[in-house]
There are 2 protein chains.
Amino acid sequence: MSMLWSVRVGLGVVALSLSVEVFVWLYHRLRPARTLNEVLFFPSEVSCVENLFKASSPHSCHCPLPHRVETSFSRLLCHLLSASSSLDLCIFAFSNLDLSRAVLALHSRGVTIRVLADQDYSVITGSQIGVLRKAGICVRGHVGSVHMHHKFAVVDGRLLITGSLNWTLTAVQNNVENIIITHEPDLVLPFIKEFQRLWVQSEPDWCHFLSN
Amino acid sequence: MSMLWSVRVGLGVVALSLSVEVFVWLYHRLRPARTLNEVLFFPSEVSCVENLFKASSPHSCHCPLPHRVETSFSRLLCHLLSASSSLDLCIFAFSNLDLSRAVLALHSRGVTIRVLADQDYSVITGSQIGVLRKAGICVRGHVGSVHMHHKFAVVDGRLLITGSLNWTLTAVQNNVENIIITHEPDLVLPFIKEFQRLWVQSEPDWCHFLSN
């Protein structure tokens with residue numbers, strides 16, 4: 001009889017262990033995946049970002065800036081350069097040369113890029129919109145409002161980058177600014193729809209006069 | 001023997017049911033609660049917002065604007081007016097009269113309000129920063145950067161309102177703009193820390209010269 005009870009207790013322990021295992025597995029399986037939610041504040045410290053563009057030769061830069069220092073700006077560049085299939089950019093003011101270089105790098109890698117810009121700010125001195133167009137990137141100008149004041153990007157249709165930061169050197173290095181970077185579908189999807197809505201409304205041939 | 005097996009099977013079914021109940025309860029208990037994530041786009045339609053300020057007499061307004069129409073702007077006002085204990089506002093440009101009225105209404109209800117403003121934009125014609133200060137609201141001016149370009153508010157220490165939208169009439173009615181409204185702690189907490197960081201750095205007595 002004691003033998004029978006030992007077997008019963010043993011089986012009970014095994015059953016309990018299995019139940020706990022199954023519960024833990026199901027919990028991790030069924031709970032919503034934790035999404036990326038990152039906030040960056042500016043002004044950003046200034047550091048060398050060459051390694052982000054030339055990952056294969058990370059030690060080749062000898063400029064006087066600090067190297068391998070993670071800053072708000074380097075985080076922003078990293079998220080942008082993570083694009084593997086598409087980048088939709090909806091931007092009020094775009095004159096930052098490093099950000100322009102990042103967009104051109106993605107274009108040369110074959111990432112599909114669409115840039116929607118404010119018409120007035122696309123023609124001011126230093127704007128990179130003409131540069132992007134000359135490189136063959138699809139650029140449109142928004143019409144029909146006082147300002148197209150958005151400053152957001154959607155990377156690969158799933159990562160939203162948005163905030164107060166215009167893509168200018170002053171905004172990055174001198175202003176107090178913020179950027180949110182998120183995978184949260186409740187936030188990303190409305191911006192994808194907004195981009196599409198504005199894109200079809202906007203002027204495809206407007207930028208032929210951009211000379212820079 | 002068949003009686004004994006019936007009891008065993010019965011107990012097994014009861015145990016299984018209880019296990020399922022416990023699992024479902026634990027799953028709902030342990031999974032992260034679904035947070036508010038709302039995106040508003042502008043320009044907003046224009047509608048009467050009197051009912052948001054005078055909830056006790058919702059039918060008293062006879063102005064020619066559409067009534068009881070929910071717009072991006074009315075949603076923004078609703079979220080602001082939901083404040084019951086505190087409002088921390090960090091704003092580049094603030095000249096919108098309805099938003100000023102909302103902040104004043106919260107102040108008169110006893111909500112603790114702190115306003116951190118860009119110094120240059122606080123003195124332009126139509127800025128409401130002087131009006132808020134005259135009403136006794138605690139206002140500070142940010143120093144030490146080209147622009148304090150944030151446009152965010154934290155309601156009751158848990159609801160973040162942020163985006164591209166300055167608190168001006170042009171931004172609300174004429175520009176293409178966005179606002180994110182979220183309870184997500186990963187997004188809210190960095191903005192609370194940023195507000196506190198800027199608040200202690202900023203000038204408490206700077207606005208004594210504001211005359212409007």
# chains A, B, ... in the order shown; residues from 1 in each chain; ligands from 1

$ calpha_fit_and_write --fixed "chain A" --moving "chain B" --output "mmCIF file with C-alpha atoms, in the first residue's frame"
data_model
loop_
_atom_site.group_PDB
_atom_site.id
_atom_site.type_symbol
_atom_site.label_atom_id
_atom_site.label_comp_id
_atom_site.auth_asym_id
_atom_site.auth_seq_id
_atom_site.Cartn_x
_atom_site.Cartn_y
_atom_site.Cartn_z
ATOM 1 C CA MET B 1 -2.046 -0.077 -0.550
ATOM 2 C CA SER B 2 0.912 2.131 0.391
ATOM 3 C CA MET B 3 2.436 1.241 -3.019
ATOM 4 C CA LEU B 4 -0.776 2.401 -4.722
ATOM 5 C CA TRP B 5 -0.697 5.701 -2.785
ATOM 6 C CA SER B 6 2.949 6.269 -3.686
ATOM 7 C CA VAL B 7 2.061 5.862 -7.360
ATOM 8 C CA ARG B 8 -0.875 8.256 -6.949
ATOM 9 C CA VAL B 9 1.262 10.881 -5.180
ATOM 10 C CA GLY B 10 4.008 10.480 -7.790
ATOM 11 C CA LEU B 11 1.534 10.917 -10.637
ATOM 12 C CA GLY B 12 0.050 13.943 -8.836
ATOM 13 C CA VAL B 13 3.460 15.604 -8.575
ATOM 14 C CA VAL B 14 4.179 14.920 -12.249
ATOM 15 C CA ALA B 15 0.751 16.319 -13.222
ATOM 16 C CA LEU B 16 1.298 19.421 -11.094
ATOM 17 C CA SER B 17 4.757 20.032 -12.590
ATOM 18 C CA LEU B 18 3.394 19.639 -16.096
ATOM 19 C CA SER B 19 0.543 22.040 -15.332
ATOM 20 C CA VAL B 20 2.967 24.682 -14.068
ATOM 21 C CA GLU B 21 5.145 24.228 -17.185
ATOM 22 C CA VAL B 22 2.134 24.533 -19.475
ATOM 23 C CA PHE B 23 0.927 27.607 -17.608
ATOM 24 C CA VAL B 24 4.321 29.350 -17.804
ATOM 25 C CA TRP B 25 4.622 28.477 -21.499
ATOM 26 C CA LEU B 26 1.113 29.775 -22.259
ATOM 27 C CA TYR B 27 1.706 32.936 -20.235
ATOM 28 C CA HIS B 28 4.874 33.812 -22.128
ATOM 29 C CA ARG B 29 3.236 32.807 -25.408
ATOM 30 C CA LEU B 30 0.066 34.850 -24.946
ATOM 31 C CA ARG B 31 1.239 38.023 -23.230
ATOM 32 C CA PRO B 32 1.981 40.978 -25.529
ATOM 33 C CA ALA B 33 5.649 41.159 -26.534
ATOM 34 C CA ARG B 34 7.553 44.063 -25.009
ATOM 35 C CA THR B 35 7.892 46.714 -27.680
ATOM 36 C CA LEU B 36 10.654 49.234 -28.269
ATOM 37 C CA ASN B 37 9.819 52.612 -26.746
ATOM 38 C CA GLU B 38 12.700 55.066 -26.757
ATOM 39 C CA VAL B 39 12.739 58.819 -26.161
ATOM 40 C CA LEU B 40 15.567 61.063 -27.361
ATOM 41 C CA PHE B 41 16.070 64.640 -26.255
ATOM 42 C CA PHE B 42 17.928 67.410 -27.984
ATOM 43 C CA PRO B 43 20.097 69.462 -28.352
ATOM 44 C CA SER B 44 22.384 66.556 -29.002
ATOM 45 C CA GLU B 45 26.060 66.489 -28.171
ATOM 46 C CA VAL B 46 28.180 66.693 -31.303
ATOM 47 C CA SER B 47 30.164 63.600 -32.208
ATOM 48 C CA CYS B 48 31.644 62.001 -35.302
ATOM 49 C CA VAL B 49 29.081 59.801 -37.057
ATOM 50 C CA GLU B 50 31.355 58.497 -39.833
ATOM 51 C CA ASN B 51 31.384 55.021 -38.309
ATOM 52 C CA LEU B 52 27.601 54.812 -38.820
ATOM 53 C CA PHE B 53 28.038 55.299 -42.564
ATOM 54 C CA LYS B 54 31.215 53.232 -42.983
ATOM 55 C CA ALA B 55 30.823 50.321 -40.629
ATOM 56 C CA SER B 56 33.518 48.353 -42.481
ATOM 57 C CA SER B 57 36.292 50.827 -41.625
ATOM 58 C CA PRO B 58 35.386 52.164 -38.201
ATOM 59 C CA HIS B 59 38.833 53.565 -37.361
ATOM 60 C CA SER B 60 39.451 55.523 -40.541
ATOM 61 C CA CYS B 61 38.151 58.922 -39.420
ATOM 62 C CA HIS B 62 40.616 61.405 -37.954
ATOM 63 C CA CYS B 63 38.326 64.442 -37.627
ATOM 64 C CA PRO B 64 38.572 66.466 -34.391
ATOM 65 C CA LEU B 65 35.097 65.480 -33.144
ATOM 66 C CA PRO B 66 34.694 62.914 -30.357
ATOM 67 C CA HIS B 67 34.505 59.398 -31.801
ATOM 68 C CA ARG B 68 32.319 56.471 -30.798
ATOM 69 C CA VAL B 69 30.236 58.612 -28.466
ATOM 70 C CA GLU B 70 26.574 57.671 -28.463
ATOM 71 C CA THR B 71 24.385 60.773 -28.651
ATOM 72 C CA SER B 72 20.713 61.481 -29.315
ATOM 73 C CA PHE B 73 21.641 62.292 -32.889
ATOM 74 C CA SER B 74 23.684 59.128 -33.421
ATOM 75 C CA ARG B 75 20.767 57.080 -32.007
ATOM 76 C CA LEU B 76 18.418 58.780 -34.470
ATOM 77 C CA LEU B 77 20.797 58.042 -37.353
ATOM 78 C CA CYS B 78 21.157 54.403 -36.238
ATOM 79 C CA HIS B 79 17.400 53.889 -36.246
ATOM 80 C CA LEU B 80 17.100 55.465 -39.695
ATOM 81 C CA LEU B 81 20.001 53.477 -41.117
ATOM 82 C CA SER B 82 18.426 50.266 -39.785
ATOM 83 C CA ALA B 83 15.895 50.466 -42.649
ATOM 84 C CA SER B 84 16.129 47.376 -44.845
ATOM 85 C CA SER B 85 13.064 47.662 -47.067
ATOM 86 C CA SER B 86 11.296 51.041 -46.833
ATOM 87 C CA LEU B 87 11.397 54.544 -45.413
ATOM 88 C CA ASP B 88 8.387 56.865 -45.491
ATOM 89 C CA LEU B 89 9.357 60.360 -44.414
ATOM 90 C CA CYS B 90 6.874 63.161 -43.759
ATOM 91 C CA ILE B 91 8.829 66.285 -42.908
ATOM 92 C CA PHE B 92 8.237 69.995 -42.493
ATOM 93 C CA ALA B 93 11.827 71.290 -42.694
ATOM 94 C CA PHE B 94 14.743 69.168 -43.947
ATOM 95 C CA SER B 95 18.163 70.786 -44.259
ATOM 96 C CA ASN B 96 20.377 68.595 -42.047
ATOM 97 C CA LEU B 97 23.240 67.242 -44.184
ATOM 98 C CA ASP B 98 23.902 64.105 -42.107
ATOM 99 C CA LEU B 99 20.216 63.131 -42.207
ATOM 100 C CA SER B 100 20.182 63.798 -45.959
ATOM 101 C CA ARG B 101 23.271 61.611 -46.315
ATOM 102 C CA ALA B 102 21.520 58.839 -44.367
ATOM 103 C CA VAL B 103 18.477 58.961 -46.662
ATOM 104 C CA LEU B 104 20.743 58.927 -49.743
ATOM 105 C CA ALA B 105 22.697 55.970 -48.308
ATOM 106 C CA LEU B 106 19.456 54.028 -47.831
ATOM 107 C CA HIS B 107 18.424 54.881 -51.390
ATOM 108 C CA SER B 108 21.715 53.598 -52.761
ATOM 109 C CA ARG B 109 21.186 50.347 -50.809
ATOM 110 C CA GLY B 110 17.867 49.821 -52.571
ATOM 111 C CA VAL B 111 15.558 50.833 -49.737
ATOM 112 C CA THR B 112 12.240 52.151 -51.140
ATOM 113 C CA ILE B 113 11.931 55.763 -50.039
ATOM 114 C CA ARG B 114 8.999 58.182 -50.213
ATOM 115 C CA VAL B 115 9.432 61.749 -48.986
ATOM 116 C CA LEU B 116 6.454 63.999 -48.360
ATOM 117 C CA ALA B 117 7.484 67.598 -47.737
ATOM 118 C CA ASP B 118 5.995 70.977 -46.977
ATOM 119 C CA GLN B 119 5.997 72.910 -50.235
ATOM 120 C CA ASP B 120 7.082 76.275 -48.819
ATOM 121 C CA TYR B 121 9.938 74.866 -46.735
ATOM 122 C CA SER B 122 11.220 72.723 -49.606
ATOM 123 C CA VAL B 123 12.404 75.780 -51.500
ATOM 124 C CA ILE B 124 14.195 77.642 -48.721
ATOM 125 C CA THR B 125 17.972 77.878 -48.851
ATOM 126 C CA GLY B 126 19.645 74.699 -47.709
ATOM 127 C CA SER B 127 16.615 72.442 -48.069
ATOM 128 C CA GLN B 128 17.629 68.902 -48.987
ATOM 129 C CA ILE B 129 14.372 68.044 -50.754
ATOM 130 C CA GLY B 130 15.778 69.032 -54.159
ATOM 131 C CA VAL B 131 18.955 67.005 -53.486
ATOM 132 C CA LEU B 132 16.889 63.902 -52.720
ATOM 133 C CA ARG B 133 14.788 64.380 -55.829
ATOM 134 C CA LYS B 134 17.883 64.762 -58.019
ATOM 135 C CA ALA B 135 19.174 61.478 -56.624
ATOM 136 C CA GLY B 136 16.027 59.795 -57.910
ATOM 137 C CA ILE B 137 14.118 59.571 -54.634
ATOM 138 C CA CYS B 138 10.346 59.829 -54.907
ATOM 139 C CA VAL B 139 9.382 63.219 -53.458
ATOM 140 C CA ARG B 140 5.963 64.843 -53.190
ATOM 141 C CA GLY B 141 4.824 68.226 -51.900
ATOM 142 C CA HIS B 142 1.804 68.566 -49.662
ATOM 143 C CA VAL B 143 -0.859 71.020 -50.772
ATOM 144 C CA GLY B 144 -4.027 72.305 -49.141
ATOM 145 C CA SER B 145 -3.019 73.400 -45.650
ATOM 146 C CA VAL B 146 -1.094 76.311 -44.146
ATOM 147 C CA HIS B 147 1.804 74.067 -43.129
ATOM 148 C CA MET B 148 2.480 70.344 -43.426
ATOM 149 C CA HIS B 149 4.014 70.422 -39.959
ATOM 150 C CA HIS B 150 4.578 66.684 -39.363
ATOM 151 C CA LYS B 151 8.092 65.502 -38.582
ATOM 152 C CA PHE B 152 7.829 61.729 -38.655
ATOM 153 C CA ALA B 153 9.352 58.727 -40.374
ATOM 154 C CA VAL B 154 8.207 55.115 -40.603
ATOM 155 C CA VAL B 155 11.027 52.599 -41.055
ATOM 156 C CA ASP B 156 10.222 49.246 -42.699
ATOM 157 C CA GLY B 157 6.517 49.781 -42.000
ATOM 158 C CA ARG B 158 6.955 49.068 -38.290
ATOM 159 C CA LEU B 159 9.201 51.601 -36.545
ATOM 160 C CA LEU B 160 7.850 55.095 -35.931
ATOM 161 C CA ILE B 161 10.147 58.080 -35.372
ATOM 162 C CA THR B 162 8.200 61.231 -34.457
ATOM 163 C CA GLY B 163 8.393 64.313 -32.278
ATOM 164 C CA SER B 164 9.050 68.036 -32.272
ATOM 165 C CA LEU B 165 12.367 67.828 -34.141
ATOM 166 C CA ASN B 166 12.610 69.233 -37.637
ATOM 167 C CA TRP B 167 15.468 67.769 -39.641
ATOM 168 C CA THR B 168 17.677 70.866 -39.443
ATOM 169 C CA LEU B 169 21.082 71.503 -37.901
ATOM 170 C CA THR B 170 19.648 74.121 -35.527
ATOM 171 C CA ALA B 171 17.014 71.711 -34.244
ATOM 172 C CA VAL B 172 19.597 68.973 -33.635
ATOM 173 C CA GLN B 173 22.379 71.082 -32.116
ATOM 174 C CA ASN B 174 20.720 74.165 -30.634
ATOM 175 C CA ASN B 175 17.049 73.632 -29.818
ATOM 176 C CA VAL B 176 15.354 71.827 -26.947
ATOM 177 C CA GLU B 177 13.508 69.062 -28.799
ATOM 178 C CA ASN B 178 12.207 65.526 -28.456
ATOM 179 C CA ILE B 179 11.783 62.388 -30.529
ATOM 180 C CA ILE B 180 9.841 59.228 -29.734
ATOM 181 C CA ILE B 181 10.928 55.967 -31.358
ATOM 182 C CA THR B 182 8.475 53.113 -31.026
ATOM 183 C CA HIS B 183 7.319 49.772 -32.406
ATOM 184 C CA GLU B 184 3.969 50.074 -30.615
ATOM 185 C CA PRO B 185 1.369 49.132 -33.274
ATOM 186 C CA ASP B 186 -1.313 51.379 -31.735
ATOM 187 C CA LEU B 187 0.996 54.329 -32.439
ATOM 188 C CA VAL B 188 2.698 53.171 -35.647
ATOM 189 C CA LEU B 189 -0.393 52.144 -37.628
ATOM 190 C CA PRO B 190 -2.195 55.523 -37.466
ATOM 191 C CA PHE B 191 0.954 57.226 -38.775
ATOM 192 C CA ILE B 192 1.211 54.700 -41.644
ATOM 193 C CA LYS B 193 -2.413 55.474 -42.571
ATOM 194 C CA GLU B 194 -1.775 59.231 -42.247
ATOM 195 C CA PHE B 195 1.241 58.980 -44.558
ATOM 196 C CA GLN B 196 -0.756 57.058 -47.149
ATOM 197 C CA ARG B 197 -3.667 59.518 -46.911
ATOM 198 C CA LEU B 198 -1.376 62.521 -47.450
ATOM 199 C CA TRP B 199 0.682 60.771 -50.131
ATOM 200 C CA VAL B 200 -2.274 60.132 -52.453
ATOM 201 C CA GLN B 201 -3.499 63.717 -51.907
ATOM 202 C CA SER B 202 -0.143 65.277 -52.710
ATOM 203 C CA GLU B 203 1.422 66.623 -55.824
ATOM 204 C CA PRO B 204 3.757 64.164 -57.595
ATOM 205 C CA ASP B 205 5.071 66.632 -60.169
ATOM 206 C CA TRP B 206 5.348 69.676 -58.014
ATOM 207 C CA CYS B 207 9.062 69.489 -57.398
ATOM 208 C CA HIS B 208 10.284 69.658 -60.989
ATOM 209 C CA PHE B 209 11.375 73.246 -60.369
ATOM 210 C CA LEU B 210 13.571 72.396 -57.394
ATOM 211 C CA SER B 211 17.047 73.302 -58.578
ATOM 212 C CA ASN B 212 19.363 72.631 -55.648
#

$ select_by_dssp --residues "region 67-139 of chain B" --states "strand (DSSP E or B)" --output "list in words"
Ser86, Leu87, Asp88, Leu89, Cys90, Ile91, Phe94, Thr112, Ile113, Arg114, Val115, Leu116, Ala117, Asp118, Cys138 and Val139 of chain B

$ write_last_selection --atoms "N, CA, C and O atoms" --output "compact mmCIF listing (two decimals), in the first residue's frame"
# COMPACT_ATOMS: atom_id res chain seq x y z
N SER B 86 -3.20 67.81 -11.72
CA SER B 86 -2.05 68.62 -12.19
C SER B 86 -1.98 68.69 -13.72
O SER B 86 -2.46 67.80 -14.43
N LEU B 87 -1.39 69.77 -14.18
CA LEU B 87 -1.08 69.93 -15.61
C LEU B 87 0.30 70.56 -15.72
O LEU B 87 0.52 71.66 -15.20
N ASP B 88 1.22 69.84 -16.36
CA ASP B 88 2.54 70.40 -16.66
C ASP B 88 2.59 70.62 -18.16
O ASP B 88 2.47 69.68 -18.94
N LEU B 89 2.79 71.88 -18.54
CA LEU B 89 2.75 72.24 -19.96
C LEU B 89 4.10 72.82 -20.37
O LEU B 89 4.61 73.73 -19.72
N CYS B 90 4.65 72.29 -21.44
CA CYS B 90 5.96 72.71 -21.94
C CYS B 90 5.74 73.09 -23.40
O CYS B 90 5.59 72.22 -24.26
N ILE B 91 5.71 74.39 -23.68
CA ILE B 91 5.16 74.82 -24.98
C ILE B 91 5.99 75.93 -25.63
O ILE B 91 6.38 76.89 -24.98
N PHE B 94 2.20 79.65 -27.73
CA PHE B 94 0.89 79.47 -27.11
C PHE B 94 0.08 80.75 -27.29
O PHE B 94 0.21 81.71 -26.51
N THR B 112 -3.25 72.00 -10.10
CA THR B 112 -1.91 72.60 -10.00
C THR B 112 -1.29 72.66 -11.39
O THR B 112 -1.11 71.62 -12.03
N ILE B 113 -0.97 73.87 -11.82
CA ILE B 113 -0.48 74.05 -13.20
C ILE B 113 0.92 74.65 -13.20
O ILE B 113 1.19 75.60 -12.45
N ARG B 114 1.79 74.08 -14.01
CA ARG B 114 3.12 74.68 -14.26
C ARG B 114 3.26 74.83 -15.77
O ARG B 114 3.01 73.87 -16.51
N VAL B 115 3.66 76.01 -16.19
CA VAL B 115 3.83 76.27 -17.63
C VAL B 115 5.28 76.67 -17.89
O VAL B 115 5.79 77.62 -17.27
N LEU B 116 5.92 75.94 -18.76
CA LEU B 116 7.30 76.23 -19.14
C LEU B 116 7.26 76.67 -20.60
O LEU B 116 6.78 75.93 -21.46
N ALA B 117 7.74 77.90 -20.86
CA ALA B 117 7.55 78.47 -22.19
C ALA B 117 8.88 78.89 -22.81
O ALA B 117 9.88 79.07 -22.11
N ASP B 118 8.88 79.01 -24.12
CA ASP B 118 10.04 79.59 -24.80
C ASP B 118 10.03 81.10 -24.56
O ASP B 118 9.00 81.75 -24.75
N CYS B 138 1.68 79.45 -12.35
CA CYS B 138 3.13 79.41 -12.22
C CYS B 138 3.77 79.22 -13.60
O CYS B 138 3.59 78.18 -14.24
N VAL B 139 4.47 80.25 -14.06
CA VAL B 139 5.04 80.25 -15.41
C VAL B 139 6.54 80.45 -15.33
O VAL B 139 7.01 81.31 -14.58

$ select_by_dssp --residues "region 73-112 of chain A" --states "alpha helix (DSSP H)" --output "PDB file with N, CA, C and O atoms, in the first residue's frame"
ATOM      1  N   PHE A  73      21.195  61.826 -31.275  1.00  0.00           N
ATOM      2  CA  PHE A  73      21.265  61.895 -32.732  1.00  0.00           C
ATOM      3  C   PHE A  73      21.747  60.571 -33.327  1.00  0.00           C
ATOM      4  O   PHE A  73      21.221  60.120 -34.351  1.00  0.00           O
ATOM      5  N   SER A  74      22.723  59.937 -32.684  1.00  0.00           N
ATOM      6  CA  SER A  74      23.195  58.655 -33.225  1.00  0.00           C
ATOM      7  C   SER A  74      22.099  57.588 -33.105  1.00  0.00           C
ATOM      8  O   SER A  74      21.963  56.726 -33.973  1.00  0.00           O
ATOM      9  N   ARG A  75      21.278  57.672 -32.039  1.00  0.00           N
ATOM     10  CA  ARG A  75      20.160  56.727 -31.906  1.00  0.00           C
ATOM     11  C   ARG A  75      19.162  56.954 -33.052  1.00  0.00           C
ATOM     12  O   ARG A  75      18.659  56.000 -33.643  1.00  0.00           O
ATOM     13  N   LEU A  76      18.873  58.232 -33.330  1.00  0.00           N
ATOM     14  CA  LEU A  76      17.949  58.545 -34.431  1.00  0.00           C
ATOM     15  C   LEU A  76      18.492  58.001 -35.749  1.00  0.00           C
ATOM     16  O   LEU A  76      17.752  57.344 -36.518  1.00  0.00           O
ATOM     17  N   LEU A  77      19.767  58.236 -36.009  1.00  0.00           N
ATOM     18  CA  LEU A  77      20.372  57.729 -37.249  1.00  0.00           C
ATOM     19  C   LEU A  77      20.309  56.200 -37.310  1.00  0.00           C
ATOM     20  O   LEU A  77      20.001  55.627 -38.360  1.00  0.00           O
ATOM     21  N   CYS A  78      20.603  55.549 -36.188  1.00  0.00           N
ATOM     22  CA  CYS A  78      20.552  54.075 -36.151  1.00  0.00           C
ATOM     23  C   CYS A  78      19.169  53.558 -36.543  1.00  0.00           C
ATOM     24  O   CYS A  78      19.055  52.613 -37.341  1.00  0.00           O
ATOM     25  N   HIS A  79      18.142  54.170 -35.962  1.00  0.00           N
ATOM     26  CA  HIS A  79      16.778  53.710 -36.273  1.00  0.00           C
ATOM     27  C   HIS A  79      16.463  53.938 -37.760  1.00  0.00           C
ATOM     28  O   HIS A  79      15.836  53.086 -38.401  1.00  0.00           O
ATOM     29  N   LEU A  80      16.889  55.087 -38.284  1.00  0.00           N
ATOM     30  CA  LEU A  80      16.646  55.351 -39.710  1.00  0.00           C
ATOM     31  C   LEU A  80      17.382  54.341 -40.589  1.00  0.00           C
ATOM     32  O   LEU A  80      16.814  53.770 -41.533  1.00  0.00           O
ATOM     33  N   LEU A  81      18.648  54.129 -40.262  1.00  0.00           N
ATOM     34  CA  LEU A  81      19.484  53.249 -41.090  1.00  0.00           C
ATOM     35  C   LEU A  81      19.109  51.777 -40.926  1.00  0.00           C
ATOM     36  O   LEU A  81      19.631  50.923 -41.646  1.00  0.00           O
ATOM     37  N   LEU A  97      22.584  67.619 -42.932  1.00  0.00           N
ATOM     38  CA  LEU A  97      23.369  66.879 -43.916  1.00  0.00           C
ATOM     39  C   LEU A  97      23.544  65.403 -43.542  1.00  0.00           C
ATOM     40  O   LEU A  97      23.555  64.530 -44.422  1.00  0.00           O
ATOM     41  N   ASP A  98      23.696  65.099 -42.246  1.00  0.00           N
ATOM     42  CA  ASP A  98      23.842  63.694 -41.846  1.00  0.00           C
ATOM     43  C   ASP A  98      22.543  62.919 -42.096  1.00  0.00           C
ATOM     44  O   ASP A  98      22.573  61.758 -42.514  1.00  0.00           O
ATOM     45  N   LEU A  99      21.421  63.568 -41.820  1.00  0.00           N
ATOM     46  CA  LEU A  99      20.137  62.888 -42.067  1.00  0.00           C
ATOM     47  C   LEU A  99      19.910  62.713 -43.571  1.00  0.00           C
ATOM     48  O   LEU A  99      19.393  61.675 -44.017  1.00  0.00           O
ATOM     49  N   SER A 100      20.316  63.715 -44.351  1.00  0.00           N
ATOM     50  CA  SER A 100      20.222  63.587 -45.812  1.00  0.00           C
ATOM     51  C   SER A 100      21.102  62.429 -46.299  1.00  0.00           C
ATOM     52  O   SER A 100      20.676  61.615 -47.126  1.00  0.00           O
ATOM     53  N   ARG A 101      22.303  62.354 -45.738  1.00  0.00           N
ATOM     54  CA  ARG A 101      23.226  61.267 -46.110  1.00  0.00           C
ATOM     55  C   ARG A 101      22.627  59.898 -45.767  1.00  0.00           C
ATOM     56  O   ARG A 101      22.781  58.934 -46.531  1.00  0.00           O
ATOM     57  N   ALA A 102      21.938  59.838 -44.620  1.00  0.00           N
ATOM     58  CA  ALA A 102      21.305  58.568 -44.230  1.00  0.00           C
ATOM     59  C   ALA A 102      20.227  58.174 -45.238  1.00  0.00           C
ATOM     60  O   ALA A 102      20.134  57.001 -45.642  1.00  0.00           O
ATOM     61  N   VAL A 103      19.409  59.145 -45.647  1.00  0.00           N
ATOM     62  CA  VAL A 103      18.334  58.845 -46.609  1.00  0.00           C
ATOM     63  C   VAL A 103      18.947  58.413 -47.954  1.00  0.00           C
ATOM     64  O   VAL A 103      18.484  57.449 -48.586  1.00  0.00           O
ATOM     65  N   LEU A 104      20.008  59.095 -48.374  1.00  0.00           N
ATOM     66  CA  LEU A 104      20.679  58.731 -49.638  1.00  0.00           C
ATOM     67  C   LEU A 104      21.313  57.339 -49.540  1.00  0.00           C
ATOM     68  O   LEU A 104      21.285  56.568 -50.505  1.00  0.00           O
ATOM     69  N   ALA A 105      21.861  57.023 -48.362  1.00  0.00           N
ATOM     70  CA  ALA A 105      22.460  55.689 -48.171  1.00  0.00           C
ATOM     71  C   ALA A 105      21.400  54.599 -48.294  1.00  0.00           C
ATOM     72  O   ALA A 105      21.628  53.555 -48.924  1.00  0.00           O
ATOM     73  N   LEU A 106      20.236  54.863 -47.709  1.00  0.00           N
ATOM     74  CA  LEU A 106      19.145  53.879 -47.805  1.00  0.00           C
ATOM     75  C   LEU A 106      18.710  53.726 -49.257  1.00  0.00           C
ATOM     76  O   LEU A 106      18.444  52.605 -49.735  1.00  0.00           O
ATOM     77  N   HIS A 107      18.624  54.845 -49.968  1.00  0.00           N
ATOM     78  CA  HIS A 107      18.232  54.813 -51.379  1.00  0.00           C
ATOM     79  C   HIS A 107      19.224  53.963 -52.188  1.00  0.00           C
ATOM     80  O   HIS A 107      18.817  53.127 -53.013  1.00  0.00           O
ATOM     81  N   SER A 108      20.514  54.156 -51.917  1.00  0.00           N
ATOM     82  CA  SER A 108      21.519  53.404 -52.684  1.00  0.00           C
ATOM     83  C   SER A 108      21.502  51.910 -52.331  1.00  0.00           C
ATOM     84  O   SER A 108      21.937  51.079 -53.114  1.00  0.00           O
TER      85      SER A 108
END
